[in-house]
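The next block is input_18.txt, given as compact mmCIF, N, CA and C atoms.
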```txt
# COMPACT_ATOMS: atom_id res chain seq x y z
N MET Q 1 19.60 -9.14 -51.13
CA MET Q 1 19.87 -7.81 -50.60
C MET Q 1 18.52 -7.12 -50.39
N THR Q 2 18.52 -6.13 -49.56
CA THR Q 2 17.30 -5.38 -49.30
C THR Q 2 17.27 -4.13 -50.17
N GLU Q 3 16.11 -3.52 -50.24
CA GLU Q 3 16.01 -2.27 -50.99
C GLU Q 3 16.80 -1.19 -50.27
N GLN Q 4 17.27 -0.21 -51.03
CA GLN Q 4 18.08 0.85 -50.46
C GLN Q 4 17.30 1.54 -49.33
N GLY Q 5 18.00 1.79 -48.25
CA GLY Q 5 17.38 2.48 -47.12
C GLY Q 5 16.79 1.53 -46.10
N GLN Q 6 16.64 0.25 -46.44
CA GLN Q 6 16.13 -0.72 -45.49
C GLN Q 6 17.28 -1.40 -44.78
N SER Q 7 17.05 -1.77 -43.52
CA SER Q 7 18.10 -2.49 -42.80
C SER Q 7 17.99 -3.97 -43.13
N GLN Q 8 19.08 -4.66 -42.93
CA GLN Q 8 19.12 -6.09 -43.21
C GLN Q 8 19.40 -6.78 -41.89
N SER Q 9 18.65 -7.85 -41.60
CA SER Q 9 18.80 -8.56 -40.33
C SER Q 9 19.98 -9.51 -40.32
N PHE Q 10 20.41 -9.96 -41.50
CA PHE Q 10 21.49 -10.94 -41.59
C PHE Q 10 22.57 -10.42 -42.52
N ALA Q 11 23.78 -10.92 -42.32
CA ALA Q 11 24.89 -10.54 -43.20
C ALA Q 11 24.59 -10.98 -44.63
N PRO Q 12 25.02 -10.22 -45.61
CA PRO Q 12 24.82 -10.62 -47.00
C PRO Q 12 25.42 -12.01 -47.25
N SER Q 13 24.69 -12.80 -48.00
CA SER Q 13 25.09 -14.17 -48.31
C SER Q 13 26.09 -14.19 -49.47
N ALA Q 14 26.60 -15.37 -49.74
CA ALA Q 14 27.48 -15.55 -50.90
C ALA Q 14 26.72 -15.18 -52.17
N GLN Q 15 25.44 -15.53 -52.23
CA GLN Q 15 24.63 -15.19 -53.40
C GLN Q 15 24.49 -13.67 -53.54
N ASP Q 16 24.32 -12.97 -52.43
CA ASP Q 16 24.25 -11.51 -52.47
C ASP Q 16 25.55 -10.92 -53.01
N ILE Q 17 26.68 -11.44 -52.54
CA ILE Q 17 27.99 -10.97 -52.99
C ILE Q 17 28.14 -11.24 -54.49
N GLU Q 18 27.73 -12.44 -54.92
CA GLU Q 18 27.83 -12.78 -56.33
C GLU Q 18 26.97 -11.85 -57.18
N THR Q 19 25.77 -11.55 -56.73
CA THR Q 19 24.88 -10.64 -57.46
C THR Q 19 25.53 -9.27 -57.63
N LEU Q 20 26.15 -8.76 -56.57
CA LEU Q 20 26.81 -7.45 -56.64
C LEU Q 20 28.04 -7.51 -57.55
N ALA Q 21 28.78 -8.61 -57.49
CA ALA Q 21 29.97 -8.76 -58.34
C ALA Q 21 29.57 -8.85 -59.81
N LEU Q 22 28.53 -9.62 -60.10
CA LEU Q 22 28.07 -9.74 -61.49
C LEU Q 22 27.55 -8.41 -62.01
N ALA Q 23 26.90 -7.64 -61.14
CA ALA Q 23 26.42 -6.32 -61.54
C ALA Q 23 27.60 -5.41 -61.88
N ALA Q 24 28.66 -5.47 -61.07
CA ALA Q 24 29.85 -4.66 -61.36
C ALA Q 24 30.48 -5.10 -62.67
N LEU Q 25 30.58 -6.39 -62.89
CA LEU Q 25 31.15 -6.90 -64.14
C LEU Q 25 30.32 -6.46 -65.34
N SER Q 26 29.00 -6.42 -65.17
CA SER Q 26 28.13 -6.03 -66.28
C SER Q 26 28.27 -4.56 -66.65
N ARG Q 27 28.79 -3.75 -65.74
CA ARG Q 27 28.98 -2.32 -66.01
C ARG Q 27 30.32 -2.00 -66.64
N LEU Q 28 31.18 -3.00 -66.77
CA LEU Q 28 32.47 -2.77 -67.43
C LEU Q 28 32.23 -2.42 -68.89
N PRO Q 29 33.00 -1.48 -69.40
CA PRO Q 29 32.83 -1.10 -70.80
C PRO Q 29 33.48 -2.11 -71.75
N GLU Q 30 33.08 -2.03 -73.01
CA GLU Q 30 33.81 -2.76 -74.06
C GLU Q 30 35.19 -2.12 -74.15
N PRO Q 31 36.21 -2.80 -74.43
CA PRO Q 31 36.29 -4.19 -74.89
C PRO Q 31 36.43 -5.19 -73.75
N PHE Q 32 36.40 -4.73 -72.49
CA PHE Q 32 36.63 -5.65 -71.37
C PHE Q 32 35.63 -6.79 -71.34
N THR Q 33 34.35 -6.47 -71.46
CA THR Q 33 33.33 -7.51 -71.33
C THR Q 33 33.48 -8.59 -72.40
N ARG Q 34 33.93 -8.21 -73.57
CA ARG Q 34 34.11 -9.18 -74.65
C ARG Q 34 35.12 -10.25 -74.29
N TYR Q 35 36.09 -9.91 -73.46
CA TYR Q 35 37.17 -10.84 -73.14
C TYR Q 35 37.06 -11.46 -71.75
N LEU Q 36 35.92 -11.30 -71.11
CA LEU Q 36 35.74 -11.87 -69.78
C LEU Q 36 34.80 -13.08 -69.77
N HIS Q 37 34.32 -13.49 -70.93
CA HIS Q 37 33.34 -14.57 -70.99
C HIS Q 37 33.86 -15.89 -70.41
N ASN Q 38 35.15 -16.10 -70.43
CA ASN Q 38 35.68 -17.37 -69.91
C ASN Q 38 36.23 -17.26 -68.49
N VAL Q 39 36.11 -16.10 -67.85
CA VAL Q 39 36.59 -15.93 -66.48
C VAL Q 39 35.49 -16.40 -65.53
N VAL Q 40 35.84 -17.32 -64.65
CA VAL Q 40 34.89 -17.91 -63.71
C VAL Q 40 34.93 -17.12 -62.40
N LEU Q 41 33.76 -16.85 -61.84
CA LEU Q 41 33.65 -16.11 -60.58
C LEU Q 41 33.31 -17.09 -59.46
N PHE Q 42 34.10 -17.05 -58.39
CA PHE Q 42 33.86 -17.88 -57.21
C PHE Q 42 33.68 -16.96 -56.01
N ILE Q 43 32.70 -17.29 -55.17
CA ILE Q 43 32.51 -16.59 -53.90
C ILE Q 43 32.74 -17.63 -52.82
N GLU Q 44 33.74 -17.37 -51.97
CA GLU Q 44 34.10 -18.29 -50.91
C GLU Q 44 34.15 -17.53 -49.59
N GLU Q 45 34.08 -18.25 -48.50
CA GLU Q 45 34.13 -17.60 -47.19
C GLU Q 45 35.51 -16.98 -46.95
N PHE Q 46 36.56 -17.74 -47.17
CA PHE Q 46 37.95 -17.30 -46.98
C PHE Q 46 38.82 -17.95 -48.05
N ALA Q 47 40.00 -17.39 -48.25
CA ALA Q 47 41.01 -18.04 -49.09
C ALA Q 47 41.46 -19.31 -48.39
N THR Q 48 41.89 -20.27 -49.18
CA THR Q 48 42.40 -21.51 -48.61
C THR Q 48 43.75 -21.26 -47.93
N GLU Q 49 44.13 -22.18 -47.07
CA GLU Q 49 45.43 -22.09 -46.41
C GLU Q 49 46.56 -22.05 -47.44
N ALA Q 50 46.41 -22.82 -48.51
CA ALA Q 50 47.45 -22.86 -49.55
C ALA Q 50 47.60 -21.51 -50.24
N VAL Q 51 46.47 -20.86 -50.55
CA VAL Q 51 46.52 -19.53 -51.19
C VAL Q 51 47.16 -18.52 -50.24
N LEU Q 52 46.75 -18.54 -48.99
CA LEU Q 52 47.32 -17.60 -48.01
C LEU Q 52 48.83 -17.82 -47.88
N ARG Q 53 49.23 -19.07 -47.82
CA ARG Q 53 50.65 -19.41 -47.70
C ARG Q 53 51.42 -18.95 -48.95
N ASP Q 54 50.86 -19.23 -50.14
CA ASP Q 54 51.53 -18.82 -51.39
C ASP Q 54 51.71 -17.32 -51.49
N LEU Q 55 50.75 -16.57 -50.96
CA LEU Q 55 50.81 -15.10 -51.02
C LEU Q 55 51.48 -14.49 -49.79
N ASN Q 56 51.90 -15.36 -48.85
CA ASN Q 56 52.52 -14.91 -47.61
C ASN Q 56 51.59 -13.98 -46.83
N VAL Q 57 50.31 -14.35 -46.77
CA VAL Q 57 49.31 -13.60 -46.02
C VAL Q 57 49.03 -14.39 -44.74
N SER Q 58 49.26 -13.77 -43.59
CA SER Q 58 49.09 -14.49 -42.33
C SER Q 58 47.66 -14.40 -41.79
N ASP Q 59 46.95 -13.33 -42.08
CA ASP Q 59 45.59 -13.15 -41.58
C ASP Q 59 44.60 -13.32 -42.74
N PRO Q 60 43.74 -14.32 -42.68
CA PRO Q 60 42.80 -14.56 -43.79
C PRO Q 60 41.85 -13.38 -44.03
N PHE Q 61 41.70 -12.51 -43.05
CA PHE Q 61 40.84 -11.34 -43.24
C PHE Q 61 41.52 -10.25 -44.08
N ASP Q 62 42.80 -10.43 -44.37
CA ASP Q 62 43.53 -9.43 -45.16
C ASP Q 62 43.39 -9.64 -46.67
N LEU Q 63 42.77 -10.73 -47.09
CA LEU Q 63 42.64 -11.02 -48.52
C LEU Q 63 41.16 -11.05 -48.90
N THR Q 64 40.75 -10.06 -49.70
CA THR Q 64 39.34 -9.95 -50.10
C THR Q 64 39.07 -10.57 -51.46
N GLY Q 65 40.10 -10.73 -52.28
CA GLY Q 65 39.91 -11.32 -53.59
C GLY Q 65 41.23 -11.63 -54.25
N ILE Q 66 41.17 -12.48 -55.27
CA ILE Q 66 42.38 -12.84 -56.01
C ILE Q 66 41.98 -13.26 -57.42
N TYR Q 67 42.88 -12.97 -58.36
CA TYR Q 67 42.73 -13.44 -59.74
C TYR Q 67 43.69 -14.60 -59.94
N ASN Q 68 43.21 -15.68 -60.53
CA ASN Q 68 44.04 -16.82 -60.89
C ASN Q 68 43.96 -17.04 -62.38
N GLY Q 69 45.09 -17.15 -63.01
CA GLY Q 69 45.10 -17.44 -64.43
C GLY Q 69 46.16 -16.63 -65.14
N ARG Q 70 46.30 -16.93 -66.40
CA ARG Q 70 47.25 -16.20 -67.23
C ARG Q 70 46.65 -14.84 -67.58
N PRO Q 71 47.46 -13.81 -67.62
CA PRO Q 71 46.95 -12.50 -68.05
C PRO Q 71 46.44 -12.57 -69.49
N PHE Q 72 45.50 -11.71 -69.79
CA PHE Q 72 44.93 -11.64 -71.13
C PHE Q 72 46.05 -11.49 -72.15
N GLY Q 73 45.94 -12.22 -73.24
CA GLY Q 73 46.93 -12.14 -74.30
C GLY Q 73 47.99 -13.23 -74.22
N GLN Q 74 48.16 -13.84 -73.04
CA GLN Q 74 49.10 -14.96 -72.95
C GLN Q 74 48.35 -16.23 -73.34
N GLU Q 75 48.94 -16.98 -74.23
CA GLU Q 75 48.29 -18.19 -74.73
C GLU Q 75 48.15 -19.23 -73.62
N ALA Q 76 46.98 -19.85 -73.56
CA ALA Q 76 46.74 -20.90 -72.58
C ALA Q 76 47.63 -22.10 -72.89
N GLN Q 77 48.02 -22.79 -71.85
CA GLN Q 77 48.86 -23.98 -71.97
C GLN Q 77 48.04 -25.21 -71.59
N THR Q 78 48.44 -26.36 -72.09
CA THR Q 78 47.78 -27.60 -71.73
C THR Q 78 47.75 -27.74 -70.22
N GLY Q 79 46.59 -28.06 -69.69
CA GLY Q 79 46.43 -28.24 -68.25
C GLY Q 79 46.02 -26.99 -67.50
N ASP Q 80 46.03 -25.84 -68.17
CA ASP Q 80 45.60 -24.60 -67.50
C ASP Q 80 44.12 -24.69 -67.13
N MET Q 81 43.81 -24.25 -65.96
CA MET Q 81 42.41 -24.08 -65.56
C MET Q 81 41.94 -22.76 -66.17
N PRO Q 82 40.61 -22.59 -66.32
CA PRO Q 82 40.13 -21.30 -66.83
C PRO Q 82 40.51 -20.19 -65.86
N PRO Q 83 40.70 -18.97 -66.37
CA PRO Q 83 40.98 -17.86 -65.45
C PRO Q 83 39.81 -17.68 -64.49
N SER Q 84 40.11 -17.25 -63.27
CA SER Q 84 39.05 -17.11 -62.28
C SER Q 84 39.31 -15.93 -61.35
N ILE Q 85 38.22 -15.41 -60.86
CA ILE Q 85 38.24 -14.38 -59.81
C ILE Q 85 37.59 -15.00 -58.59
N HIS Q 86 38.30 -14.95 -57.48
CA HIS Q 86 37.78 -15.46 -56.21
C HIS Q 86 37.54 -14.26 -55.30
N LEU Q 87 36.34 -14.14 -54.80
CA LEU Q 87 36.01 -13.12 -53.81
C LEU Q 87 35.77 -13.82 -52.48
N TYR Q 88 36.27 -13.23 -51.40
CA TYR Q 88 36.19 -13.85 -50.09
C TYR Q 88 35.20 -13.07 -49.21
N ARG Q 89 34.07 -13.71 -48.97
CA ARG Q 89 32.92 -13.07 -48.33
C ARG Q 89 33.24 -12.49 -46.95
N ARG Q 90 33.80 -13.27 -46.05
CA ARG Q 90 34.01 -12.78 -44.68
C ARG Q 90 34.97 -11.60 -44.63
N PRO Q 91 36.12 -11.62 -45.33
CA PRO Q 91 36.97 -10.44 -45.34
C PRO Q 91 36.29 -9.22 -45.98
N LEU Q 92 35.49 -9.45 -47.02
CA LEU Q 92 34.75 -8.35 -47.63
C LEU Q 92 33.78 -7.73 -46.64
N LEU Q 93 33.07 -8.58 -45.91
CA LEU Q 93 32.09 -8.07 -44.94
C LEU Q 93 32.79 -7.33 -43.81
N ASP Q 94 33.93 -7.84 -43.36
CA ASP Q 94 34.67 -7.14 -42.30
C ASP Q 94 35.14 -5.77 -42.78
N GLU Q 95 35.68 -5.71 -44.00
CA GLU Q 95 36.13 -4.42 -44.53
C GLU Q 95 34.96 -3.47 -44.70
N TRP Q 96 33.82 -3.98 -45.13
CA TRP Q 96 32.60 -3.18 -45.28
C TRP Q 96 32.22 -2.54 -43.96
N VAL Q 97 32.21 -3.34 -42.90
CA VAL Q 97 31.83 -2.83 -41.58
C VAL Q 97 32.87 -1.86 -41.05
N GLU Q 98 34.15 -2.20 -41.21
CA GLU Q 98 35.23 -1.37 -40.67
C GLU Q 98 35.36 -0.03 -41.37
N THR Q 99 35.14 0.00 -42.69
CA THR Q 99 35.36 1.23 -43.44
C THR Q 99 34.10 2.07 -43.64
N GLY Q 100 32.95 1.43 -43.61
CA GLY Q 100 31.70 2.15 -43.87
C GLY Q 100 31.47 2.42 -45.35
N VAL Q 101 32.35 1.91 -46.21
CA VAL Q 101 32.18 2.04 -47.65
C VAL Q 101 30.99 1.18 -48.05
N ALA Q 102 30.17 1.66 -48.96
CA ALA Q 102 29.02 0.89 -49.43
C ALA Q 102 29.50 -0.46 -49.96
N LEU Q 103 28.78 -1.52 -49.62
CA LEU Q 103 29.18 -2.86 -50.03
C LEU Q 103 29.28 -2.96 -51.55
N GLU Q 104 28.37 -2.34 -52.26
CA GLU Q 104 28.39 -2.36 -53.72
C GLU Q 104 29.69 -1.75 -54.25
N SER Q 105 30.12 -0.64 -53.64
CA SER Q 105 31.36 0.02 -54.06
C SER Q 105 32.59 -0.81 -53.71
N LEU Q 106 32.58 -1.42 -52.54
CA LEU Q 106 33.70 -2.25 -52.12
C LEU Q 106 33.86 -3.44 -53.05
N ILE Q 107 32.77 -4.10 -53.36
CA ILE Q 107 32.84 -5.26 -54.24
C ILE Q 107 33.26 -4.84 -55.64
N ALA Q 108 32.73 -3.72 -56.13
CA ALA Q 108 33.14 -3.21 -57.44
C ALA Q 108 34.64 -2.94 -57.45
N HIS Q 109 35.16 -2.36 -56.38
CA HIS Q 109 36.59 -2.08 -56.27
C HIS Q 109 37.41 -3.37 -56.39
N VAL Q 110 37.03 -4.39 -55.65
CA VAL Q 110 37.79 -5.64 -55.66
C VAL Q 110 37.66 -6.33 -57.01
N VAL Q 111 36.45 -6.35 -57.57
CA VAL Q 111 36.24 -6.97 -58.89
C VAL Q 111 37.09 -6.28 -59.94
N VAL Q 112 37.08 -4.96 -59.96
CA VAL Q 112 37.87 -4.22 -60.95
C VAL Q 112 39.36 -4.49 -60.76
N HIS Q 113 39.79 -4.55 -59.53
CA HIS Q 113 41.20 -4.83 -59.25
C HIS Q 113 41.59 -6.20 -59.82
N GLU Q 114 40.74 -7.19 -59.60
CA GLU Q 114 41.04 -8.54 -60.09
C GLU Q 114 40.94 -8.60 -61.62
N VAL Q 115 39.98 -7.92 -62.21
CA VAL Q 115 39.88 -7.83 -63.67
C VAL Q 115 41.13 -7.15 -64.22
N GLY Q 116 41.59 -6.14 -63.50
CA GLY Q 116 42.81 -5.44 -63.89
C GLY Q 116 44.00 -6.38 -63.98
N HIS Q 117 44.09 -7.33 -63.06
CA HIS Q 117 45.17 -8.31 -63.12
C HIS Q 117 45.04 -9.17 -64.38
N HIS Q 118 43.81 -9.53 -64.73
CA HIS Q 118 43.57 -10.33 -65.94
C HIS Q 118 44.09 -9.60 -67.18
N PHE Q 119 43.90 -8.28 -67.21
CA PHE Q 119 44.29 -7.50 -68.38
C PHE Q 119 45.67 -6.85 -68.23
N GLY Q 120 46.32 -7.03 -67.08
CA GLY Q 120 47.64 -6.45 -66.89
C GLY Q 120 47.61 -4.94 -66.77
N LEU Q 121 46.55 -4.39 -66.19
CA LEU Q 121 46.40 -2.93 -66.06
C LEU Q 121 47.27 -2.37 -64.94
N SER Q 122 47.64 -1.11 -65.09
CA SER Q 122 48.34 -0.39 -64.03
C SER Q 122 47.33 0.02 -62.96
N ASP Q 123 47.83 0.45 -61.81
CA ASP Q 123 46.94 0.93 -60.74
C ASP Q 123 46.11 2.12 -61.22
N ALA Q 124 46.72 3.03 -61.98
CA ALA Q 124 45.98 4.20 -62.49
C ALA Q 124 44.86 3.77 -63.43
N ASP Q 125 45.14 2.79 -64.29
CA ASP Q 125 44.11 2.28 -65.19
C ASP Q 125 42.98 1.63 -64.40
N MET Q 126 43.34 0.90 -63.35
CA MET Q 126 42.33 0.24 -62.52
C MET Q 126 41.43 1.28 -61.85
N HIS Q 127 42.01 2.37 -61.37
CA HIS Q 127 41.20 3.42 -60.73
C HIS Q 127 40.25 4.05 -61.73
N ALA Q 128 40.71 4.29 -62.94
CA ALA Q 128 39.84 4.87 -63.98
C ALA Q 128 38.72 3.91 -64.32
N LEU Q 129 39.02 2.63 -64.43
CA LEU Q 129 38.00 1.63 -64.72
C LEU Q 129 37.01 1.52 -63.57
N GLU Q 130 37.51 1.59 -62.35
CA GLU Q 130 36.63 1.52 -61.18
C GLU Q 130 35.64 2.68 -61.18
N ASP Q 131 36.08 3.86 -61.56
CA ASP Q 131 35.19 5.01 -61.63
C ASP Q 131 34.04 4.76 -62.61
N MET Q 132 34.30 3.97 -63.64
CA MET Q 132 33.27 3.67 -64.65
C MET Q 132 32.21 2.71 -64.13
N VAL Q 133 32.56 1.83 -63.19
CA VAL Q 133 31.62 0.80 -62.76
C VAL Q 133 30.98 1.06 -61.40
N THR Q 134 31.51 2.02 -60.65
CA THR Q 134 30.96 2.30 -59.34
C THR Q 134 29.66 3.08 -59.48
N GLU Q 135 28.66 2.58 -58.78
CA GLU Q 135 27.35 3.23 -58.83
C GLU Q 135 27.37 4.56 -58.12
```
How would this structure read if it were set down as structure tokens?
Amino acid sequence: MTEQGQSQSFAPSAQDIETLALAALSRLPEPFTRYLHNVVLFIEEFATEAVLRDLNVSDPFDLTGIYNGRPFGQEAQTGDMPPSIHLYRRPLLDEWVETGVALESLIAHVVVHEVGHHFGLSDADMHALEDMVTE
């Protein structure tokens, strides 16, 4: 990413998105951070066809992120993959351009929403948590 106020010649990379997502995760308050150590973060261009089909999403640009795994507190079962958050770079970048929302804020919003699914939070709780991590 470039320093604030500088223009960028190329779209932010997957690494740039990951850096912003990790920064948002690092701003989460306790006790959330204590229970996120096993959640894996993936940055992908788009959701897979299978994910889109499972969620009944017809346009891949409509899905910016997803949480996969059992909600916090549910015991893991044999064969479970670790919980994961998937962020989709191209839909995030499109939403960034279309809305004019700062990319850091947009990514923080999606990350908090997906973390909220991990913890089974309500929408109101997610909004309060988002206020804590947004720069």
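Around range 25-27 of chain Q, within 7 Å and counting all atoms listed in the file, the residues found are Thr33, Ala108, Val111, Met132 and Val133 of chain Q, once anything fewer than 6 positions away on its own chain is removed.
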Need the shell around Pro83 in chain Q: protein/DNA/RNA residues with any atom at most 6 Å away, counting all atoms listed in the file. Skip same-chain ones fewer than 3 positions apart. Format as number ranges by chain? Q: 38-40, 68-70
Would you please extract all strand (DSSP E or B) residues from chain Q, as assigned by DSSP on the backbone, and give them as a VMD selection string? chain Q and resid 40 to 44 65 to 68 84 to 88
Within 7 Å of (32.3, -13.9, -57.9) (file coordinates; only C-alpha atoms), which protein or nucleic acid residues are there? I'd like them as a PyMOL selection string. chain Q and resi 18+21-22+41-43+85-87
Counting only C-alpha atoms, figure out which residue out of Q:Glu98, Q:Leu36, Q:Ala128, Q:Glu104 gets nearest to Phe61 in chain Q. Q:Glu98
Quick one: everything within 12 Å of range 49-53 of chain Q, counting only C-alpha atoms, minus sequence neighbours fewer than 2 positions away in the same chain. Send it as an mmCIF file with N, CA and C atoms, keeping the file's coordinate frame.
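Ended up saving to selection-v6.cif:
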```
data_model
loop_
_atom_site.group_PDB
_atom_site.id
_atom_site.type_symbol
_atom_site.label_atom_id
_atom_site.label_comp_id
_atom_site.auth_asym_id
_atom_site.auth_seq_id
_atom_site.Cartn_x
_atom_site.Cartn_y
_atom_site.Cartn_z
ATOM 1 N N PHE Q 46 36.560 -17.740 -47.170
ATOM 2 C CA PHE Q 46 37.950 -17.300 -46.980
ATOM 3 C C PHE Q 46 38.820 -17.950 -48.050
ATOM 4 N N ALA Q 47 40.000 -17.390 -48.250
ATOM 5 C CA ALA Q 47 41.010 -18.040 -49.090
ATOM 6 C C ALA Q 47 41.460 -19.310 -48.390
ATOM 7 N N LEU Q 55 50.750 -16.570 -50.960
ATOM 8 C CA LEU Q 55 50.810 -15.100 -51.020
ATOM 9 C C LEU Q 55 51.480 -14.490 -49.790
ATOM 10 N N ASN Q 56 51.900 -15.360 -48.850
ATOM 11 C CA ASN Q 56 52.520 -14.910 -47.610
ATOM 12 C C ASN Q 56 51.590 -13.980 -46.830
ATOM 13 N N VAL Q 57 50.310 -14.350 -46.770
ATOM 14 C CA VAL Q 57 49.310 -13.600 -46.020
ATOM 15 C C VAL Q 57 49.030 -14.390 -44.740
ATOM 16 N N SER Q 58 49.260 -13.770 -43.590
ATOM 17 C CA SER Q 58 49.090 -14.490 -42.330
ATOM 18 C C SER Q 58 47.660 -14.400 -41.790
ATOM 19 N N ASP Q 59 46.950 -13.330 -42.080
ATOM 20 C CA ASP Q 59 45.590 -13.150 -41.580
ATOM 21 C C ASP Q 59 44.600 -13.320 -42.740
ATOM 22 N N PRO Q 60 43.740 -14.320 -42.680
ATOM 23 C CA PRO Q 60 42.800 -14.560 -43.790
ATOM 24 C C PRO Q 60 41.850 -13.380 -44.030
ATOM 25 N N PHE Q 61 41.700 -12.510 -43.050
ATOM 26 C CA PHE Q 61 40.840 -11.340 -43.240
ATOM 27 C C PHE Q 61 41.520 -10.250 -44.080
ATOM 28 N N ASP Q 62 42.800 -10.430 -44.370
ATOM 29 C CA ASP Q 62 43.530 -9.430 -45.160
ATOM 30 C C ASP Q 62 43.390 -9.640 -46.670
ATOM 31 N N LEU Q 63 42.770 -10.730 -47.090
ATOM 32 C CA LEU Q 63 42.640 -11.020 -48.520
ATOM 33 C C LEU Q 63 41.160 -11.050 -48.900
ATOM 34 N N THR Q 64 40.750 -10.060 -49.700
ATOM 35 C CA THR Q 64 39.340 -9.950 -50.100
ATOM 36 C C THR Q 64 39.070 -10.570 -51.460
ATOM 37 N N GLY Q 65 40.100 -10.730 -52.280
ATOM 38 C CA GLY Q 65 39.910 -11.320 -53.590
ATOM 39 C C GLY Q 65 41.230 -11.630 -54.250
ATOM 40 N N ILE Q 66 41.170 -12.480 -55.270
ATOM 41 C CA ILE Q 66 42.380 -12.840 -56.010
ATOM 42 C C ILE Q 66 41.980 -13.260 -57.420
ATOM 43 N N TYR Q 67 42.880 -12.970 -58.360
ATOM 44 C CA TYR Q 67 42.730 -13.440 -59.740
ATOM 45 C C TYR Q 67 43.690 -14.600 -59.940
ATOM 46 N N ASN Q 68 43.210 -15.680 -60.530
ATOM 47 C CA ASN Q 68 44.040 -16.820 -60.890
ATOM 48 C C ASN Q 68 43.960 -17.040 -62.380
ATOM 49 N N HIS Q 86 38.300 -14.950 -57.480
ATOM 50 C CA HIS Q 86 37.780 -15.460 -56.210
ATOM 51 C C HIS Q 86 37.540 -14.260 -55.300
ATOM 52 N N TYR Q 88 36.270 -13.230 -51.400
ATOM 53 C CA TYR Q 88 36.190 -13.850 -50.090
ATOM 54 C C TYR Q 88 35.200 -13.070 -49.210
#
```
Fewer than 6 positions away in the same chain doesn't count, so skip those; otherwise give me all residues within 8 Å of Glu95 in chain Q, counting all atoms listed in the file, as an mmCIF file with N, CA and C atoms, keeping the file's coordinate frame.
```
data_model
loop_
_atom_site.group_PDB
_atom_site.id
_atom_site.type_symbol
_atom_site.label_atom_id
_atom_site.label_comp_id
_atom_site.auth_asym_id
_atom_site.auth_seq_id
_atom_site.Cartn_x
_atom_site.Cartn_y
_atom_site.Cartn_z
ATOM 1 N N PHE Q 61 41.700 -12.510 -43.050
ATOM 2 C CA PHE Q 61 40.840 -11.340 -43.240
ATOM 3 C C PHE Q 61 41.520 -10.250 -44.080
ATOM 4 N N ARG Q 89 34.070 -13.710 -48.970
ATOM 5 C CA ARG Q 89 32.920 -13.070 -48.330
ATOM 6 C C ARG Q 89 33.240 -12.490 -46.950
ATOM 7 N N VAL Q 101 32.350 1.910 -46.210
ATOM 8 C CA VAL Q 101 32.180 2.040 -47.650
ATOM 9 C C VAL Q 101 30.990 1.180 -48.050
ATOM 10 N N LEU Q 103 28.780 -1.520 -49.620
ATOM 11 C CA LEU Q 103 29.180 -2.860 -50.030
ATOM 12 C C LEU Q 103 29.280 -2.960 -51.550
ATOM 13 N N LEU Q 106 32.580 -1.420 -52.540
ATOM 14 C CA LEU Q 106 33.700 -2.250 -52.120
ATOM 15 C C LEU Q 106 33.860 -3.440 -53.050
#
```
